[in-house]
$ cat final12.txt   # compact mmCIF, C-alpha atoms
# COMPACT_ATOMS: atom_id res chain seq x y z
CA MET A 1 -50.16 -11.43 8.88
CA ALA A 2 -49.46 -9.50 5.74
CA ASP A 3 -48.18 -11.41 2.76
CA SER A 4 -44.58 -10.36 2.11
CA ASP A 5 -43.80 -12.77 -0.75
CA HIS A 6 -44.46 -10.52 -3.71
CA GLU A 7 -43.64 -11.61 -7.21
CA TYR A 8 -40.33 -10.49 -8.65
CA SER A 9 -40.50 -7.80 -11.28
CA GLY A 10 -37.41 -7.33 -13.43
CA GLN A 11 -38.64 -4.05 -14.95
CA GLY A 12 -37.99 -1.95 -11.90
CA SER A 13 -35.61 0.98 -12.06
CA ASP A 14 -32.38 1.33 -10.10
CA ASP A 15 -33.82 4.56 -8.69
CA ASP A 16 -36.20 2.46 -6.59
CA VAL A 17 -33.38 0.65 -4.75
CA PRO A 18 -32.84 2.21 -1.33
CA THR A 19 -29.34 2.68 0.09
CA ARG A 20 -27.98 3.57 3.52
CA ASN A 21 -27.07 7.09 2.41
CA GLY A 22 -30.34 7.79 0.56
CA THR A 23 -32.52 6.34 -2.10
CA GLY A 24 -31.95 5.94 -5.79
CA ARG A 25 -28.85 6.53 -7.84
CA ALA A 26 -27.85 9.69 -6.00
CA GLY A 27 -27.57 7.85 -2.71
CA ALA A 28 -25.73 4.95 -4.39
CA SER A 29 -23.24 7.35 -5.96
CA ARG A 30 -22.60 8.95 -2.58
CA GLY A 31 -22.06 5.52 -1.08
CA ARG A 32 -19.62 4.57 -3.79
CA ALA A 33 -17.77 7.84 -3.32
CA ILE A 34 -17.37 7.16 0.36
CA ALA A 35 -16.31 3.54 -0.14
CA SER A 36 -13.83 4.33 -2.89
CA ARG A 37 -10.15 4.13 -2.03
CA PRO A 38 -8.25 7.32 -1.17
CA LYS A 39 -6.63 9.09 -4.06
CA GLY A 40 -3.34 9.49 -2.22
CA ARG A 41 -2.89 5.79 -1.44
CA ALA A 42 0.26 4.25 -2.86
CA GLN A 43 0.00 1.40 -5.33
CA ALA A 44 0.19 -2.02 -3.74
CA LYS A 45 2.87 -4.51 -4.71
CA TRP A 46 0.42 -6.95 -6.27
CA GLU A 47 -1.07 -4.12 -8.34
CA ALA A 48 2.36 -3.12 -9.61
CA ALA A 49 3.20 -6.74 -10.47
CA ALA A 50 -0.09 -7.19 -12.32
CA SER A 51 0.34 -4.01 -14.37
CA SER A 52 3.98 -4.67 -15.19
CA ASN A 53 3.12 -7.99 -16.86
CA TRP A 54 1.40 -6.10 -19.69
CA GLU A 55 4.41 -3.89 -20.37
CA LEU A 56 6.52 -6.57 -22.05
CA HIS A 57 7.51 -5.76 -25.62
CA GLU A 58 9.27 -7.91 -28.16
CA GLY A 59 12.92 -7.32 -28.87
CA ALA A 60 14.51 -6.58 -32.22
CA ASP A 61 14.73 -10.29 -33.02
CA GLY A 62 11.01 -10.82 -32.31
CA SER A 63 11.47 -12.68 -28.99
CA ILE A 64 11.05 -11.61 -25.39
CA GLU A 65 13.93 -13.68 -24.02
CA GLY A 66 16.23 -10.68 -23.88
CA VAL A 67 13.50 -8.57 -22.30
CA LEU A 68 12.91 -11.13 -19.56
CA GLY A 69 16.65 -11.37 -18.93
CA GLY A 70 16.83 -7.61 -18.59
CA LEU A 71 13.93 -7.60 -16.13
CA GLU A 72 15.65 -10.28 -14.07
CA GLU A 73 18.89 -8.29 -13.96
CA ALA A 74 16.96 -5.14 -13.07
CA GLY A 75 15.22 -6.93 -10.22
CA LYS A 76 18.51 -8.32 -8.93
CA ARG A 77 20.13 -4.91 -9.04
CA LYS A 78 17.13 -3.34 -7.31
CA ARG A 79 17.60 -5.75 -4.42
CA LEU A 80 21.29 -4.88 -4.21
CA LEU A 81 20.77 -1.12 -4.29
CA LYS A 82 20.02 -0.43 -0.66
CA ASP A 83 20.83 2.17 1.91
CA THR A 84 24.53 1.87 2.76
CA THR A 85 24.58 4.39 5.59
CA PRO A 86 26.59 2.95 8.51
CA LEU A 87 24.14 2.50 11.39
CA GLN A 88 24.38 0.97 14.81
CA ARG A 89 22.89 -2.52 14.65
CA GLY A 90 22.38 -5.29 17.12
CA ILE A 91 24.72 -8.00 15.80
CA ILE A 92 24.05 -10.27 18.80
CA ARG A 93 20.49 -11.34 18.11
CA HIS A 94 18.06 -13.60 19.94
CA THR A 95 15.39 -14.47 17.39
CA LEU A 96 12.37 -16.75 17.58
CA LEU A 97 10.80 -17.89 14.32
CA ILE A 98 7.10 -18.82 14.67
CA LEU A 99 5.61 -20.91 11.86
CA ASP A 100 1.92 -21.28 11.12
CA LEU A 101 1.05 -25.00 11.20
CA SER A 102 -2.73 -24.54 11.01
CA ILE A 103 -5.16 -25.85 8.41
CA ALA A 104 -4.68 -22.67 6.34
CA MET A 105 -1.22 -23.87 5.31
CA ILE A 106 -2.60 -26.63 3.08
CA GLU A 107 -3.66 -24.06 0.48
CA LYS A 108 -1.96 -24.41 -2.90
CA ASP A 109 -1.72 -20.78 -3.92
CA LEU A 110 2.01 -21.12 -3.16
CA ARG A 111 3.34 -24.23 -4.87
CA PRO A 112 3.38 -27.03 -3.94
CA THR A 113 1.59 -25.98 -0.75
CA ARG A 114 2.10 -23.23 1.76
CA HIS A 115 3.29 -25.76 4.33
CA LEU A 116 5.90 -27.46 2.14
CA LEU A 117 7.14 -24.20 0.65
CA THR A 118 7.49 -22.69 4.13
CA THR A 119 9.54 -25.63 5.39
CA ASN A 120 11.83 -25.46 2.35
CA TYR A 121 12.31 -21.71 2.69
CA THR A 122 12.87 -22.05 6.43
CA VAL A 123 15.78 -24.42 5.89
CA GLY A 124 17.42 -21.87 3.59
CA PHE A 125 16.62 -19.10 6.03
CA ILE A 126 18.36 -20.93 8.88
CA ARG A 127 21.54 -21.37 6.86
CA GLU A 128 21.53 -17.74 5.72
CA PHE A 129 20.71 -16.47 9.20
CA PHE A 130 23.73 -18.10 10.79
CA GLU A 131 25.90 -17.17 7.81
CA GLN A 132 25.06 -13.50 8.32
CA ASN A 133 24.72 -13.65 12.13
CA PRO A 134 27.19 -16.25 13.39
CA ILE A 135 27.12 -15.07 17.01
CA SER A 136 23.33 -14.99 17.30
CA GLN A 137 20.78 -17.43 18.70
CA LEU A 138 17.70 -18.82 16.95
CA GLY A 139 14.68 -20.79 18.11
CA ILE A 140 11.60 -22.09 16.26
CA LEU A 141 8.01 -22.35 17.46
CA GLY A 142 4.79 -23.50 15.78
CA MET A 143 1.08 -22.63 15.95
CA ARG A 144 -1.57 -25.33 15.59
CA ASP A 145 -4.83 -26.36 17.27
CA GLY A 146 -5.01 -23.01 19.07
CA ILE A 147 -1.78 -23.61 21.01
CA ALA A 148 1.92 -22.92 20.53
CA ILE A 149 4.37 -25.81 20.24
CA ARG A 150 8.15 -25.82 20.53
CA VAL A 151 9.88 -27.03 17.38
CA SER A 152 13.49 -26.41 18.45
CA ASP A 153 15.09 -24.75 21.45
CA MET A 154 17.06 -21.55 21.12
CA SER A 155 20.67 -22.32 20.20
CA GLY A 156 23.45 -21.32 17.85
CA ASN A 157 23.69 -24.68 16.08
CA PRO A 158 21.97 -24.53 12.67
CA ASN A 159 21.94 -28.32 12.25
CA ASP A 160 19.58 -28.77 15.20
CA HIS A 161 17.09 -26.32 13.71
CA ILE A 162 17.32 -27.76 10.20
CA ASN A 163 16.65 -31.30 11.42
CA ALA A 164 13.66 -30.11 13.45
CA VAL A 165 12.18 -28.21 10.49
CA LYS A 166 12.66 -31.14 8.13
CA ALA A 167 10.71 -33.31 10.56
CA LEU A 168 7.72 -30.99 10.04
CA ARG A 169 7.37 -32.14 6.42
CA GLY A 170 5.80 -35.39 7.58
CA THR A 171 3.17 -33.67 9.70
CA ASP A 172 -0.19 -32.39 8.48
CA PRO A 173 -1.32 -28.85 9.32
CA LYS A 174 -4.48 -28.73 11.42
CA GLY A 175 -6.47 -26.48 13.67
CA SER A 176 -6.24 -22.72 14.01
CA PRO A 177 -3.29 -20.52 14.99
CA SER A 178 -3.10 -18.46 18.16
CA LEU A 179 -0.98 -15.33 18.05
CA GLN A 180 -1.42 -14.68 21.75
CA ASN A 181 -0.21 -18.12 22.84
CA ALA A 182 2.73 -17.90 20.44
CA LEU A 183 3.76 -14.47 21.71
CA GLU A 184 3.44 -15.58 25.33
CA MET A 185 5.67 -18.60 24.70
CA ALA A 186 8.15 -16.37 22.85
CA ARG A 187 8.19 -13.95 25.78
CA ALA A 188 8.97 -16.80 28.16
CA ALA A 189 11.81 -18.02 25.94
CA LEU A 190 13.32 -14.53 25.55
CA TYR A 191 12.89 -13.45 29.17
CA HIS A 192 16.30 -14.67 30.34
CA THR A 193 18.29 -13.48 27.35
CA PRO A 194 21.00 -10.90 28.15
CA SER A 195 20.27 -7.21 27.69
CA HIS A 196 23.15 -6.60 25.28
CA GLY A 197 21.38 -8.57 22.52
CA THR A 198 18.20 -7.92 20.59
CA ARG A 199 14.93 -9.76 21.22
CA GLU A 200 13.06 -10.49 18.01
CA VAL A 201 10.03 -12.54 17.02
CA VAL A 202 9.34 -13.39 13.37
CA ILE A 203 5.91 -14.82 12.56
CA VAL A 204 4.93 -16.53 9.30
CA LEU A 205 1.12 -16.40 9.25
CA GLY A 206 -1.01 -18.06 6.60
CA ALA A 207 -4.41 -17.88 8.29
CA LEU A 208 -6.83 -14.96 8.40
CA LEU A 209 -7.80 -15.50 12.03
CA THR A 210 -6.29 -16.05 15.44
CA SER A 211 -7.86 -18.14 18.19
CA ASP A 212 -6.74 -16.44 21.41
CA PRO A 213 -7.77 -17.41 24.96
CA GLY A 214 -7.58 -13.84 26.32
CA ASP A 215 -6.99 -10.22 25.45
CA ILE A 216 -4.11 -10.04 22.97
CA HIS A 217 -3.67 -6.32 23.67
CA ASP A 218 -2.34 -7.19 27.14
CA THR A 219 0.22 -9.44 25.47
CA ILE A 220 1.24 -6.62 23.12
CA LYS A 221 1.85 -4.34 26.12
CA SER A 222 3.98 -7.05 27.73
CA CYS A 223 6.06 -7.40 24.55
CA ILE A 224 6.65 -3.65 24.48
CA LYS A 225 7.73 -3.73 28.13
CA ASP A 226 10.16 -6.61 27.44
CA ARG A 227 11.59 -4.76 24.37
CA ILE A 228 10.55 -7.51 21.94
CA ARG A 229 10.32 -6.62 18.27
CA VAL A 230 7.72 -8.51 16.26
CA SER A 231 7.82 -8.91 12.48
CA ILE A 232 5.06 -10.71 10.57
CA ILE A 233 5.01 -12.14 7.04
CA GLY A 234 1.48 -12.82 5.83
CA LEU A 235 0.66 -15.36 3.15
CA ALA A 236 -3.02 -14.50 2.55
CA ALA A 237 -4.05 -10.89 3.20
CA GLN A 238 -3.48 -8.06 5.61
CA MET A 239 -4.95 -8.25 9.10
CA HIS A 240 -5.51 -5.26 11.34
CA ILE A 241 -4.29 -7.00 14.48
CA CYS A 242 -1.03 -8.01 12.78
CA ALA A 243 -0.40 -4.44 11.66
CA GLU A 244 -1.10 -3.21 15.18
CA ILE A 245 1.28 -5.74 16.75
CA CYS A 246 4.13 -4.79 14.43
CA ARG A 247 3.51 -1.06 14.70
CA LYS A 248 3.40 -0.98 18.50
CA THR A 249 6.38 -3.28 19.05
CA ASN A 250 8.57 -1.44 16.51
CA ALA A 251 8.07 2.13 17.76
CA GLY A 252 5.55 3.01 15.07
CA ASP A 253 7.43 1.47 12.15
CA GLU A 254 4.97 -0.19 9.77
CA ASN A 255 7.59 -1.79 7.49
CA SER A 256 7.86 -4.87 9.69
CA TYR A 257 4.52 -6.26 8.45
CA ASN A 258 4.38 -7.46 4.85
CA VAL A 259 2.22 -9.81 2.80
CA ALA A 260 3.92 -12.01 0.19
CA VAL A 261 2.39 -11.76 -3.29
CA ASP A 262 4.17 -14.80 -4.75
CA GLU A 263 6.92 -17.32 -4.05
CA VAL A 264 9.75 -14.97 -5.02
CA ASP A 265 8.46 -12.16 -2.84
CA TYR A 266 7.94 -14.61 0.03
CA ARG A 267 11.58 -15.69 -0.10
CA GLU A 268 12.84 -12.10 -0.32
CA LEU A 269 10.80 -11.07 2.71
CA LEU A 270 12.07 -14.04 4.70
CA MET A 271 15.70 -13.49 3.73
CA SER A 272 15.54 -9.79 4.52
CA ILE A 273 15.18 -10.70 8.19
CA THR A 274 18.77 -11.96 8.21
CA THR A 275 19.95 -8.33 8.32
CA PRO A 276 20.32 -7.19 11.95
CA PRO A 277 17.83 -4.52 13.07
CA VAL A 278 18.84 -0.93 13.60
CA VAL A 279 19.26 0.30 17.18
CA ARG A 280 16.82 3.17 17.60
CA SER A 281 17.84 6.45 19.19
CA THR A 282 14.50 6.51 21.02
CA ASP A 283 15.34 3.34 22.96
CA THR A 284 16.94 5.25 25.83
CA GLU A 285 16.50 2.43 28.32
CA ALA A 286 18.55 -0.01 26.22
CA GLN A 287 21.25 2.59 25.65
CA ARG A 288 21.43 3.29 29.38
CA ARG A 289 21.85 -0.40 30.13
CA ASN A 290 24.48 -0.95 27.45
CA GLN A 291 26.46 2.23 28.11
CA ALA A 292 30.13 1.44 28.77
CA ALA A 293 29.28 -2.27 29.03
CA LEU A 294 31.76 -4.98 28.08
CA LEU A 295 30.89 -8.48 26.95
CA MET A 296 33.25 -11.27 27.96
CA MET A 297 33.94 -13.85 25.26
CA GLY A 298 36.32 -16.75 24.83
CA PHE A 299 38.31 -17.60 21.70
CA PRO A 300 39.25 -21.28 22.06
CA SER A 301 41.48 -23.24 19.70
CA ARG A 302 40.58 -26.54 18.11
CA ILE A 303 42.12 -29.69 19.58
CA VAL A 304 42.51 -33.20 18.15
CA GLU A 305 42.60 -36.09 20.66
CA GLU A 306 43.92 -39.60 20.25
CA LYS A 307 41.09 -41.10 22.31
CA PRO A 308 37.46 -39.99 22.20
CA THR A 309 36.14 -38.07 25.18
CA LEU A 310 32.71 -36.78 26.13
CA CYS A 311 31.71 -33.28 25.06
CA ALA A 312 30.02 -31.04 27.59
CA CYS A 313 27.33 -29.80 25.17
CA HIS A 314 25.77 -33.07 23.95
CA GLY A 315 27.46 -35.81 25.96
CA ASN A 316 28.77 -37.56 22.83
CA LEU A 317 32.13 -39.22 22.35
CA THR A 318 34.29 -37.17 19.98
CA ARG A 319 37.97 -37.09 19.09
CA GLY A 320 38.15 -33.32 18.82
CA GLY A 321 36.48 -30.08 19.67
CA TYR A 322 37.16 -26.78 21.39
CA LEU A 323 38.24 -26.26 25.01
CA CYS A 324 36.62 -23.44 26.95
CA SER A 325 39.08 -20.66 27.68
CA ARG A 326 37.88 -20.42 31.28
CA CYS A 327 36.92 -23.86 32.58
CA LYS A 328 38.49 -26.12 29.88
CA ALA A 329 35.21 -27.88 29.12
CA LYS A 330 35.02 -29.35 25.61
CA VAL A 331 32.34 -28.32 23.12
CA CYS A 332 31.76 -29.72 19.64
CA ASN A 333 31.17 -26.65 17.50
CA LEU A 334 31.42 -22.88 17.64
CA PRO A 335 29.83 -20.47 18.27
CA ALA A 336 28.40 -21.86 21.48
CA THR A 337 27.84 -21.06 25.13
CA CYS A 338 29.88 -23.07 27.55
CA PRO A 339 27.43 -25.34 29.43
CA THR A 340 29.67 -25.22 32.53
CA CYS A 341 30.53 -21.53 33.01
CA ASP A 342 28.14 -19.82 30.50
CA LEU A 343 31.01 -18.13 28.66
CA THR A 344 30.32 -17.18 25.04
CA LEU A 345 32.76 -19.11 22.81
CA ILE A 346 33.37 -17.86 19.28
CA LEU A 347 36.10 -17.57 16.67
CA SER A 348 37.61 -14.35 15.38
CA THR A 349 36.16 -15.10 11.94
CA HIS A 350 32.64 -14.99 13.43
CA LEU A 351 33.16 -11.41 14.53
CA ALA A 352 34.60 -10.55 11.12
CA ARG A 353 31.52 -11.96 9.36
CA SER A 354 29.23 -9.81 11.52
CA TYR A 355 31.33 -6.70 10.91
CA HIS A 356 30.02 -6.02 7.39
CA HIS A 357 26.56 -5.21 8.77
CA LEU A 358 28.00 -2.18 10.55
CA PHE A 359 29.91 -0.92 7.50
CA PRO A 360 28.08 -2.22 4.40
CA LEU A 361 29.68 -2.23 0.98
CA ARG A 362 28.83 0.84 -1.05
CA ASN A 363 26.50 0.62 -3.98
CA TRP A 364 28.05 0.44 -7.43
CA VAL A 365 27.19 2.69 -10.34
CA GLU A 366 26.64 1.72 -13.96
CA VAL A 367 29.12 2.82 -16.60
CA SER A 368 28.94 2.55 -20.36
CA TRP A 369 30.86 0.12 -22.54
CA ALA A 370 32.63 3.12 -24.06
CA ARG A 371 34.25 3.91 -20.74
CA ALA A 372 35.20 0.27 -20.26
CA ARG A 373 37.01 0.32 -23.62
CA GLN A 374 38.63 3.63 -22.72
CA LYS A 375 39.98 2.22 -19.46
CA GLY A 376 41.07 -1.01 -21.15
CA SER A 377 38.73 -3.15 -19.05
CA THR A 378 38.21 -6.45 -20.87
CA GLN A 379 37.50 -8.89 -18.04
CA CYS A 380 35.92 -9.02 -14.62
CA TYR A 381 38.39 -7.85 -11.98
CA GLY A 382 36.90 -10.19 -9.39
CA CYS A 383 36.66 -13.55 -11.23
CA LEU A 384 38.73 -12.73 -14.38
CA ALA A 385 35.86 -13.83 -16.63
CA PRO A 386 36.11 -12.07 -20.04
CA PHE A 387 33.39 -9.66 -21.03
CA PRO A 388 31.16 -10.72 -23.95
CA HIS A 389 31.63 -9.00 -27.29
CA VAL A 390 29.11 -6.17 -27.51
CA PRO A 391 28.65 -4.00 -30.59
CA ALA A 392 29.68 -0.40 -30.15
CA ALA A 393 26.23 0.83 -31.08
CA GLU A 394 24.44 -1.28 -28.52
CA GLU A 395 23.76 0.52 -25.26
CA ARG A 396 24.56 -1.74 -22.36
CA SER A 397 26.43 -1.26 -19.15
CA GLU A 398 28.67 -2.90 -16.60
CA HIS A 399 29.30 -1.99 -12.99
CA ASN A 400 32.28 -0.62 -11.09
CA GLY A 401 33.03 0.09 -7.47
CA THR A 402 32.72 3.63 -6.27
CA ARG A 403 35.97 3.37 -4.33
CA ALA A 404 38.22 1.56 -6.83
CA LYS A 405 39.12 2.34 -10.42
CA ARG A 406 40.38 -1.19 -11.07
CA ALA A 407 37.15 -2.88 -9.94
CA GLU A 408 35.27 -2.20 -13.17
CA GLY A 409 33.18 -5.20 -14.10
CA ALA A 410 33.58 -7.10 -10.84
CA SER A 411 30.67 -9.39 -10.06
CA GLU A 412 28.22 -7.20 -8.20
CA SER A 413 26.00 -9.89 -6.71
CA SER A 414 28.87 -11.96 -5.28
CA SER A 415 30.62 -8.88 -3.89
CA HIS A 416 27.52 -7.57 -2.12
CA GLU A 417 25.91 -10.85 -1.04
CA VAL A 418 28.85 -13.20 -0.40
CA VAL A 419 32.22 -11.45 -0.10
CA HIS A 420 30.90 -8.10 1.18
CA ASN A 421 34.08 -6.45 -0.08
CA CYS A 422 35.19 -4.83 -3.32
CA PRO A 423 38.06 -6.80 -4.93
CA GLY A 424 39.63 -3.63 -6.31
CA CYS A 425 39.60 -1.87 -2.95
CA GLN A 426 41.04 -4.85 -1.10
CA SER A 427 43.83 -5.49 -3.64
CA SER A 428 45.03 -1.88 -3.65
CA ALA A 429 44.52 -1.02 0.01
CA HIS A 430 48.15 -1.75 0.90
CA LEU A 431 49.63 0.31 -1.93
CA PRO A 432 51.05 3.79 -1.17
CA GLY A 433 48.65 6.56 -2.09
CA ALA A 434 45.70 4.17 -2.46
CA GLU A 435 43.45 6.25 -0.19
CA GLU A 436 44.12 9.45 -2.12
CA GLU A 437 43.50 7.69 -5.43
CA ALA A 438 40.25 6.19 -4.18
CA ASN A 439 39.03 9.55 -2.94
CA GLY A 440 39.84 11.11 -6.30
CA VAL A 441 37.97 8.39 -8.17
CA GLU A 442 34.97 8.78 -5.89
CA GLN A 443 34.89 12.55 -6.41
CA GLY A 444 35.21 12.18 -10.20
CA GLU A 445 32.41 9.62 -10.35
CA SER A 446 30.16 11.86 -8.27
CA GLU A 447 30.72 14.69 -10.73
CA ALA A 448 30.03 12.36 -13.67
CA MET A 449 26.81 11.12 -12.11
CA ALA A 450 25.70 14.71 -11.42
CA THR A 451 26.17 15.66 -15.06
$ encode --input "final12.txt" --output "structure tokens"
Amino acid sequence: MADSDHEYSGQGSDDDVPTRNGTGRAGASRGRAIASRPKGRAQAKWEAAASSNWELHEGADGSIEGVLGGLEEAGKRKRLLKDTTPLQRGIIRHTLLILDLSIAMIEKDLRPTRHLLTTNYTVGFIREFFEQNPISQLGILGMRDGIAIRVSDMSGNPNDHINAVKALRGTDPKGSPSLQNALEMARAALYHTPSHGTREVVIVLGALLTSDPGDIHDTIKSCIKDRIRVSIIGLAAQMHICAEICRKTNAGDENSYNVAVDEVDYRELLMSITTPPVVRSTDTEAQRRNQAALLMMGFPSRIVEEKPTLCACHGNLTRGGYLCSRCKAKVCNLPATCPTCDLTLILSTHLARSYHHLFPLRNWVEVSWARARQKGSTQCYGCLAPFPHVPAAEERSEHNGTRAKRAEGASESSSHEVVHNCPGCQSSAHLPGAEEEANGVEQGESEAMAT
């Protein structure tokens, strides 16, 4: 046998190192050229965040407090500036949230840990989901030890889901996740949902692997056949199988798979799911099923009883509730489905809260303080808070509604995220000639923005 243990010589040249594409530096350069990233690739979010941290400059007073405040306001406004085109959306949603409960969730790159941060964000997500989608249904599943577990059944009661998620804080993540088992359980839970609602699966994945018992591509085909949309939020790095699942179940749309770069981005990605999905024009089968279809609903009134009686939903003794409009069965809270006759029971306010998704509030434009002084605007039209004193030479701006002249300075975040209405538009809608005045203001502002 030949002796292969030669002594190491540190004086050798790099030209002597062989590569797969050739030998020496020429082959290495060709290999690096092939492995280099494409020139046309867009900059990733983590790259933009890393480069923006070096662009902070001190203010006139020598501190960066004002600069950080400006960046925070810019980020808030960037989240508010979205596409306001009225689109057809599925406001009756059937959504399953799948949480990763594997050993990968004990990592501390998201403070305090991925597991604890996910449970805290999930509680806020549940409240926001039912605030924005009051006539929708939500269920929660988990992935651990290579199997899928049921955390809470699909229902419209947020308290049941919140209590189930809070109980997860006392459990320790373990094992590996299984995307195939989770998708199969989600398919079984969404199989009997009515065709007039959407079927959605949202997965929070912290691991970089999936332990599947079979071919996950067969499960993807089944999800496409059942019209199930899958969205995935990654906490570690991108995975090819996750991108393929989201792309195939969303008709080629790749925006449904994102990886959180930090805690703030993680929360924004999770809260963005509260907006109902757009109904695609390519989904001809769903349009054929829902064409000229009516959905029967009941609008019961609240009753107060002198003696407690059993409710039909939980079997508890209560002194009040809502009587079903069809069978007179009593339920505790609304919205709900009557356990006796399966009639959907809601309030008129629930429909009103879902209405703003179909006709979103228009984006506001920035105006200068000079125009605010010219119009005599000295306080917020929404909350009546006075504007701070700003020197005439200082260039700052406030906001005003594009449909109302009197809405200058109204709180933008509360109007877009909470009220979903412009206070100036709503206060002058009943006045004669309000529509003509609003159209004139909108045309004038468009001309001003163009110049």
$ closest_atom_pairs --input "final12.txt" --of "range 210-322 of chain A" --to "range 85-105 of chain A" --cutoff "9 Å" --atoms "all atoms listed in the file" --output "CSV"
residue,atom,partner,partner_atom,distance
A:Leu235,CA,A:Met105,CA,9.0
A:Thr275,CA,A:Ile91,CA,8.9
A:Pro276,CA,A:Gly90,CA,5.9
A:Pro277,CA,A:Arg89,CA,5.7
A:Val278,CA,A:Arg89,CA,4.5
A:Val279,CA,A:Arg89,CA,5.2
A:Arg280,CA,A:Gln88,CA,8.4
$ atom_distance --input "final12.txt" --atom1 "CA of Thr349 in chain A" --atom2 "CA of Ile140 in chain A"
25.9 Å
$ closest_residue --input "final12.txt" --among "A:Thr344, A:Ser415, A:Val202, A:Ile106" --to "Ser155 in chain A" --atoms "all atoms listed in the file"
A:Thr344
$ atom_distance --input "final12.txt" --atom1 "CA of Gly315 in chain A" --atom2 "CA of Gly170 in chain A"
28.4 Å
$ atom_distance --input "final12.txt" --atom1 "CA of Ala188 in chain A" --atom2 "CA of Lys225 in chain A"
13.1 Å
